[in-house]
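Chemist: So here's upload_4.csv, just CSV, C-alpha atoms and all ligand atoms:
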```csv
chain,number,residue,atom,x,y,z
A,1492,MET,CA,23.6,-100.5,-2.4
A,1493,ALA,CA,24.7,-96.9,-2.2
A,1494,THR,CA,22.1,-94.7,-0.5
A,1495,HIS,CA,23.6,-91.3,-1.3
A,1496,ALA,CA,25.4,-89.7,-4.2
A,1497,SER,CA,29.2,-89.7,-3.8
A,1498,PHE,CA,30.6,-86.4,-5.1
A,1499,MET,CA,33.9,-87.2,-3.6
A,1500,PRO,CA,34.6,-91.0,-3.8
A,1501,GLY,CA,36.4,-92.3,-0.8
A,1502,VAL,CA,35.2,-89.5,1.5
A,1503,LYS,CA,32.6,-90.8,4.0
A,1504,VAL,CA,29.7,-88.4,4.6
A,1505,GLN,CA,28.9,-88.0,8.3
A,1506,ASN,CA,26.5,-85.1,8.3
A,1507,ARG,CA,22.9,-86.3,8.7
A,1508,VAL,CA,21.3,-83.4,6.8
A,1509,TRP,CA,23.8,-83.9,3.9
A,1510,THR,CA,22.9,-87.6,3.6
A,1511,TRP,CA,19.2,-86.6,3.3
A,1512,LEU,CA,19.9,-84.0,0.7
A,1513,THR,CA,22.1,-86.3,-1.4
A,1514,THR,CA,20.2,-89.5,-0.9
A,1515,VAL,CA,19.4,-91.8,-3.9
A,1516,ASP,CA,17.4,-94.2,-1.8
A,1517,HIS,CA,13.9,-94.2,-3.2
A,1518,LYS,CA,12.2,-94.6,0.2
A,1519,ARG,CA,14.1,-91.7,1.7
A,1520,ILE,CA,13.2,-89.6,-1.4
A,1521,GLY,CA,9.6,-90.6,-0.8
A,1522,ILE,CA,9.8,-89.4,2.8
A,1523,LEU,CA,11.2,-86.1,1.6
A,1524,TYR,CA,8.3,-85.7,-0.9
A,1525,GLY,CA,5.8,-86.6,1.9
A,1526,THR,CA,7.4,-84.0,4.3
A,1527,THR,CA,7.3,-81.3,1.5
A,1528,SER,CA,3.7,-82.1,0.8
A,1529,PHE,CA,2.7,-81.8,4.4
A,1530,VAL,CA,4.4,-78.5,4.8
A,1531,PHE,CA,2.6,-77.1,1.8
A,1532,PHE,CA,-0.7,-78.6,3.0
A,1533,LEU,CA,-0.4,-76.6,6.2
A,1534,LEU,CA,0.5,-73.5,4.3
A,1535,ALA,CA,-2.5,-73.9,1.9
A,1536,GLY,CA,-4.6,-74.6,5.0
A,1537,LEU,CA,-3.5,-71.2,6.5
A,1538,GLU,CA,-4.5,-69.6,3.2
A,1539,SER,CA,-8.0,-71.2,3.4
A,1540,LEU,CA,-8.3,-70.0,7.0
A,1541,LEU,CA,-7.8,-66.4,5.9
A,1542,MET,CA,-10.5,-66.9,3.2
A,1543,ARG,CA,-12.9,-68.4,5.7
A,1544,VAL,CA,-12.4,-65.5,8.1
A,1545,GLN,CA,-13.0,-63.1,5.3
A,1546,LEU,CA,-16.3,-64.9,4.4
A,1547,ALA,CA,-17.4,-65.4,7.9
A,1548,ARG,CA,-19.2,-62.0,8.1
A,1549,PRO,CA,-20.9,-60.1,5.3
A,1550,ASP,CA,-18.9,-57.1,3.9
A,1551,SER,CA,-15.8,-58.0,6.0
A,1552,THR,CA,-12.8,-55.8,5.1
A,1553,LEU,CA,-10.2,-58.1,6.6
A,1554,ILE,CA,-8.3,-58.8,3.4
A,1555,GLY,CA,-10.3,-57.1,0.6
A,1556,PRO,CA,-11.4,-58.4,-2.8
A,1557,GLN,CA,-8.0,-58.2,-4.6
A,1558,ALA,CA,-6.1,-60.2,-1.8
A,1559,TYR,CA,-9.1,-62.6,-1.6
A,1560,ASN,CA,-8.7,-63.5,-5.3
A,1561,GLU,CA,-4.9,-63.9,-4.8
A,1562,LEU,CA,-5.4,-66.2,-1.9
A,1563,PHE,CA,-8.0,-68.2,-3.8
A,1564,THR,CA,-5.4,-68.8,-6.6
A,1565,MET,CA,-2.6,-69.5,-4.2
A,1566,HIS,CA,-4.7,-71.9,-2.0
A,1567,GLY,CA,-5.9,-73.9,-5.1
A,1568,THR,CA,-2.4,-74.0,-6.7
A,1569,THR,CA,-0.6,-74.8,-3.5
A,1570,MET,CA,-3.0,-77.6,-2.6
A,1571,ILE,CA,-3.0,-79.3,-6.0
A,1572,PHE,CA,0.6,-78.7,-7.2
A,1573,LEU,CA,2.6,-78.5,-4.0
A,1574,ALA,CA,0.5,-80.8,-1.7
A,1575,VAL,CA,-1.5,-83.4,-3.6
A,1576,MET,CA,1.0,-84.0,-6.4
A,1577,PRO,CA,4.1,-84.5,-4.2
A,1578,LEU,CA,2.0,-86.7,-1.9
A,1579,SER,CA,1.3,-89.1,-4.7
A,1580,THR,CA,5.0,-89.2,-5.6
A,1581,ALA,CA,5.7,-89.9,-1.9
A,1582,PHE,CA,3.4,-93.0,-2.0
A,1583,ILE,CA,4.8,-94.2,-5.3
A,1584,ASN,CA,8.4,-93.9,-4.1
A,1585,SER,CA,7.8,-95.7,-0.8
A,1586,GLY,CA,6.4,-98.8,-2.5
A,1587,ARG,CA,8.3,-102.1,-2.6
A,1588,ARG,CA,10.1,-102.7,-5.8
A,1589,LEU,CA,9.5,-106.1,-7.5
A,1590,PRO,CA,12.6,-108.1,-8.2
A,1591,ALA,CA,14.2,-107.4,-11.6
A,1592,ALA,CA,13.0,-110.7,-13.1
A,1593,GLU,CA,9.4,-110.1,-12.2
A,1594,ARG,CA,9.5,-106.5,-13.4
A,1595,ALA,CA,10.8,-107.7,-16.8
A,1596,GLN,CA,8.1,-110.4,-17.0
A,1597,LEU,CA,5.3,-107.9,-16.1
A,1598,LEU,CA,6.6,-105.3,-18.6
A,1599,ALA,CA,6.8,-107.9,-21.4
A,1600,LEU,CA,3.3,-109.2,-20.7
A,1601,SER,CA,1.7,-105.7,-20.3
A,1602,SER,CA,3.3,-104.4,-23.5
A,1603,ARG,CA,2.1,-107.3,-25.6
A,1604,ARG,CA,-1.3,-108.3,-24.3
A,1605,SER,CA,-4.6,-106.6,-23.4
A,1606,PRO,CA,-6.0,-107.2,-19.9
A,1607,LEU,CA,-8.5,-109.7,-21.3
A,1608,GLU,CA,-5.8,-111.6,-23.1
A,1609,LEU,CA,-3.8,-111.6,-19.9
A,1610,ARG,CA,-6.7,-113.2,-18.0
A,1611,LEU,CA,-7.3,-115.8,-20.6
A,1612,ALA,CA,-3.6,-116.6,-21.3
A,1613,PRO,CA,-2.1,-119.7,-19.7
A,1614,ARG,CA,0.2,-118.9,-16.8
A,1615,HIS,CA,3.4,-120.4,-18.3
A,1616,GLY,CA,2.7,-120.0,-22.0
A,1617,PRO,CA,4.9,-118.2,-24.5
A,1701,LIG,C1,-6.8,-81.2,-2.3
A,1701,LIG,C2,-7.1,-79.9,-2.5
A,1701,LIG,C3,-7.8,-79.0,-1.5
A,1701,LIG,C4,-8.0,-79.1,-0.2
A,1701,LIG,C5,-7.6,-80.3,0.7
A,1701,LIG,C6,-8.7,-78.0,0.2
A,1701,LIG,C7,-9.0,-77.7,1.6
A,1701,LIG,C8,-9.8,-76.6,1.9
A,1701,LIG,C9,-10.3,-76.4,3.3
A,1701,LIG,C10,-10.1,-77.3,4.5
A,1701,LIG,C11,-10.9,-75.2,3.3
A,1701,LIG,C12,-11.6,-74.6,4.5
A,1701,LIG,C13,-13.1,-74.8,4.3
A,1701,LIG,C14,-14.0,-73.9,5.1
A,1701,LIG,O1,-13.4,-73.1,5.8
A,1701,LIG,O2,-15.2,-74.0,5.0
A,1701,LIG,C15,-10.9,-74.7,1.9
A,1701,LIG,C16,-11.4,-73.5,1.6
A,1701,LIG,C17,-11.4,-73.0,0.3
A,1701,LIG,N1,-10.8,-73.6,-0.8
A,1701,LIG,FE1,-9.8,-75.3,-0.8
A,1701,LIG,N2,-8.9,-77.1,-0.8
A,1701,LIG,C18,-8.3,-77.8,-1.9
A,1701,LIG,C19,-8.3,-77.3,-3.2
A,1701,LIG,C20,-8.9,-76.1,-3.6
A,1701,LIG,C21,-8.9,-75.6,-5.0
A,1701,LIG,C22,-8.3,-76.3,-6.2
A,1701,LIG,C23,-9.6,-74.4,-5.0
A,1701,LIG,C24,-9.9,-73.4,-6.1
A,1701,LIG,C25,-9.2,-73.4,-7.2
A,1701,LIG,C26,-10.0,-74.2,-3.6
A,1701,LIG,C27,-10.7,-73.0,-3.2
A,1701,LIG,C28,-11.1,-72.8,-1.9
A,1701,LIG,C29,-11.9,-71.6,-1.5
A,1701,LIG,C30,-12.4,-70.5,-2.4
A,1701,LIG,C31,-12.1,-71.8,-0.1
A,1701,LIG,C32,-12.8,-70.8,0.8
A,1701,LIG,C33,-14.2,-71.1,0.8
A,1701,LIG,C34,-14.9,-71.1,2.1
A,1701,LIG,O3,-14.2,-71.2,3.2
A,1701,LIG,O4,-16.1,-71.1,2.2
A,1701,LIG,N3,-9.6,-75.2,-2.8
A,1701,LIG,N4,-10.1,-75.5,1.2
```
I need this file expressed as structure tokens, please.
Modeler:
Amino acid sequence: MATHASFMPGVKVQNRVWTWLTTVDHKRIGILYGTTSFVFFLLAGLESLLMRVQLARPDSTLIGPQAYNELFTMHGTTMIFLAVMPLSTAFINSGRRLPAAERAQLLALSSRRSPLELRLAPRHGP
């Protein structure tokens, strides 16, 4: 299976960075998501550190109220949208794919039957 997009068919791509940037392999894409998530997790951690230092002493003038509010927004947004959400995609992408036949079977079952019906239905029924 091809693991990177071929913009120029016939030309073999040697550059390692380029193969990562153009990969279509779901596990590698998952690793890219995980790395991105970790980088933003550290960045949001730095933001929270600044807030903690500001709050460590009363009436601290380290960053001031306006910058504190901005950091609050950036820390929350960075953590949720740029760290937690890509992390879930990283785990989803790195999972093992079921063989096509099993996927089709599961899809057909789940679209037609409720969980209770699935539990009660005979294994090899129609
Ligand atoms: C998974 C998401 C998040 C993680 C892992 C996280 C992690 C942290 C950590 C480790 C601290 C330092 C705590 C301390 O110094 O006592 C912190 C501080 C803080 N976080 Fe978050 N955070 C997340 C989401 C959010 C969100 C969504 C908001 C608000 C919209 C938020 C607002 C704050 C504030 C105001 C502080 C400073 C409070 C303080 O230090 O006493 N965080 N966060």
Chemist: Could you pull out the residues sitting within 12 Å of ligand LIG 1701 (chain A), using only C-alpha atoms and all ligand atoms, and write them as a ChimeraX atom specification?
Modeler: /A:1528-1529,1531-1548,1559-1579
Chemist: Between atom CA of A:Thr1580 and atom CA of A:Leu1600, measure the distance and give it in Å to one decimal.
Modeler: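 Calculated distance between atom CA of A:Thr1580 and atom CA of A:Leu1600 is 25.1 Å.
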Chemist: What does the structure give for the distance between atom CA of A:Thr1526 and atom CA of A:Trp1511, in Å to one decimal?
Modeler: 12.1 Å
Chemist: Pick from A:Pro1549, A:Ile1554, A:His1517, A:Thr1527: nearest to A:Arg1587, with all atoms listed in the file counted?
Modeler: A:His1517
Chemist: Go ahead and compute the interatomic distance for atom CA of A:Phe1582 and atom CA of A:Arg1507, in Å to one decimal.
Modeler: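 Atom CA of A:Arg1507 lies at a distance of 23.2 Å from atom CA of A:Phe1582.
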Chemist: Please supply stretch 1535-1553 of chain A, rebuilt with N, CA and C atoms, as a PDB file, keeping the file's coordinate frame.
Modeler:
```pdb
ATOM      1  N   ALA A1535      -1.225 -74.085   2.675  1.00  0.00           N
ATOM      2  CA  ALA A1535      -2.500 -73.900   1.900  1.00  0.00           C
ATOM      3  C   ALA A1535      -3.656 -73.849   2.899  1.00  0.00           C
ATOM      4  N   GLY A1536      -3.549 -74.586   4.010  1.00  0.00           N
ATOM      5  CA  GLY A1536      -4.600 -74.600   5.000  1.00  0.00           C
ATOM      6  C   GLY A1536      -4.679 -73.178   5.669  1.00  0.00           C
ATOM      7  N   LEU A1537      -3.527 -72.541   5.913  1.00  0.00           N
ATOM      8  CA  LEU A1537      -3.500 -71.200   6.500  1.00  0.00           C
ATOM      9  C   LEU A1537      -4.198 -70.220   5.474  1.00  0.00           C
ATOM     10  N   GLU A1538      -3.918 -70.413   4.182  1.00  0.00           N
ATOM     11  CA  GLU A1538      -4.500 -69.600   3.200  1.00  0.00           C
ATOM     12  C   GLU A1538      -6.065 -69.718   3.188  1.00  0.00           C
ATOM     13  N   SER A1539      -6.525 -70.986   3.340  1.00  0.00           N
ATOM     14  CA  SER A1539      -8.000 -71.200   3.400  1.00  0.00           C
ATOM     15  C   SER A1539      -8.587 -70.607   4.633  1.00  0.00           C
ATOM     16  N   LEU A1540      -7.823 -70.637   5.726  1.00  0.00           N
ATOM     17  CA  LEU A1540      -8.300 -70.000   7.000  1.00  0.00           C
ATOM     18  C   LEU A1540      -8.582 -68.540   6.781  1.00  0.00           C
ATOM     19  N   LEU A1541      -7.629 -67.861   6.115  1.00  0.00           N
ATOM     20  CA  LEU A1541      -7.800 -66.400   5.900  1.00  0.00           C
ATOM     21  C   LEU A1541      -9.054 -66.174   5.033  1.00  0.00           C
ATOM     22  N   MET A1542      -9.263 -67.028   4.018  1.00  0.00           N
ATOM     23  CA  MET A1542     -10.500 -66.900   3.200  1.00  0.00           C
ATOM     24  C   MET A1542     -11.726 -67.087   4.019  1.00  0.00           C
ATOM     25  N   ARG A1543     -11.688 -68.112   4.874  1.00  0.00           N
ATOM     26  CA  ARG A1543     -12.900 -68.400   5.700  1.00  0.00           C
ATOM     27  C   ARG A1543     -13.206 -67.258   6.637  1.00  0.00           C
ATOM     28  N   VAL A1544     -12.157 -66.662   7.219  1.00  0.00           N
ATOM     29  CA  VAL A1544     -12.400 -65.500   8.100  1.00  0.00           C
ATOM     30  C   VAL A1544     -13.009 -64.366   7.347  1.00  0.00           C
ATOM     31  N   GLN A1545     -12.483 -64.134   6.131  1.00  0.00           N
ATOM     32  CA  GLN A1545     -13.000 -63.100   5.300  1.00  0.00           C
ATOM     33  C   GLN A1545     -14.522 -63.312   4.994  1.00  0.00           C
ATOM     34  N   LEU A1546     -14.884 -64.602   4.746  1.00  0.00           N
ATOM     35  CA  LEU A1546     -16.300 -64.900   4.400  1.00  0.00           C
ATOM     36  C   LEU A1546     -17.194 -65.113   5.567  1.00  0.00           C
ATOM     37  N   ALA A1547     -16.636 -65.115   6.761  1.00  0.00           N
ATOM     38  CA  ALA A1547     -17.400 -65.400   7.900  1.00  0.00           C
ATOM     39  C   ALA A1547     -18.527 -64.381   8.206  1.00  0.00           C
ATOM     40  N   ARG A1548     -18.241 -63.120   7.880  1.00  0.00           N
ATOM     41  CA  ARG A1548     -19.200 -62.000   8.100  1.00  0.00           C
ATOM     42  C   ARG A1548     -19.426 -61.303   6.756  1.00  0.00           C
ATOM     43  N   PRO A1549     -20.651 -60.833   6.504  1.00  0.00           N
ATOM     44  CA  PRO A1549     -20.900 -60.100   5.300  1.00  0.00           C
ATOM     45  C   PRO A1549     -20.074 -58.763   5.281  1.00  0.00           C
ATOM     46  N   ASP A1550     -19.620 -58.357   4.111  1.00  0.00           N
ATOM     47  CA  ASP A1550     -18.900 -57.100   3.900  1.00  0.00           C
ATOM     48  C   ASP A1550     -17.687 -56.927   4.838  1.00  0.00           C
ATOM     49  N   SER A1551     -17.048 -58.029   5.129  1.00  0.00           N
ATOM     50  CA  SER A1551     -15.800 -58.000   6.000  1.00  0.00           C
ATOM     51  C   SER A1551     -14.715 -57.285   5.156  1.00  0.00           C
ATOM     52  N   THR A1552     -13.909 -56.476   5.830  1.00  0.00           N
ATOM     53  CA  THR A1552     -12.800 -55.800   5.100  1.00  0.00           C
ATOM     54  C   THR A1552     -11.468 -56.305   5.552  1.00  0.00           C
ATOM     55  N   LEU A1553     -11.462 -57.509   6.099  1.00  0.00           N
ATOM     56  CA  LEU A1553     -10.200 -58.100   6.600  1.00  0.00           C
ATOM     57  C   LEU A1553      -9.105 -58.126   5.542  1.00  0.00           C
TER      58      LEU A1553
END
```
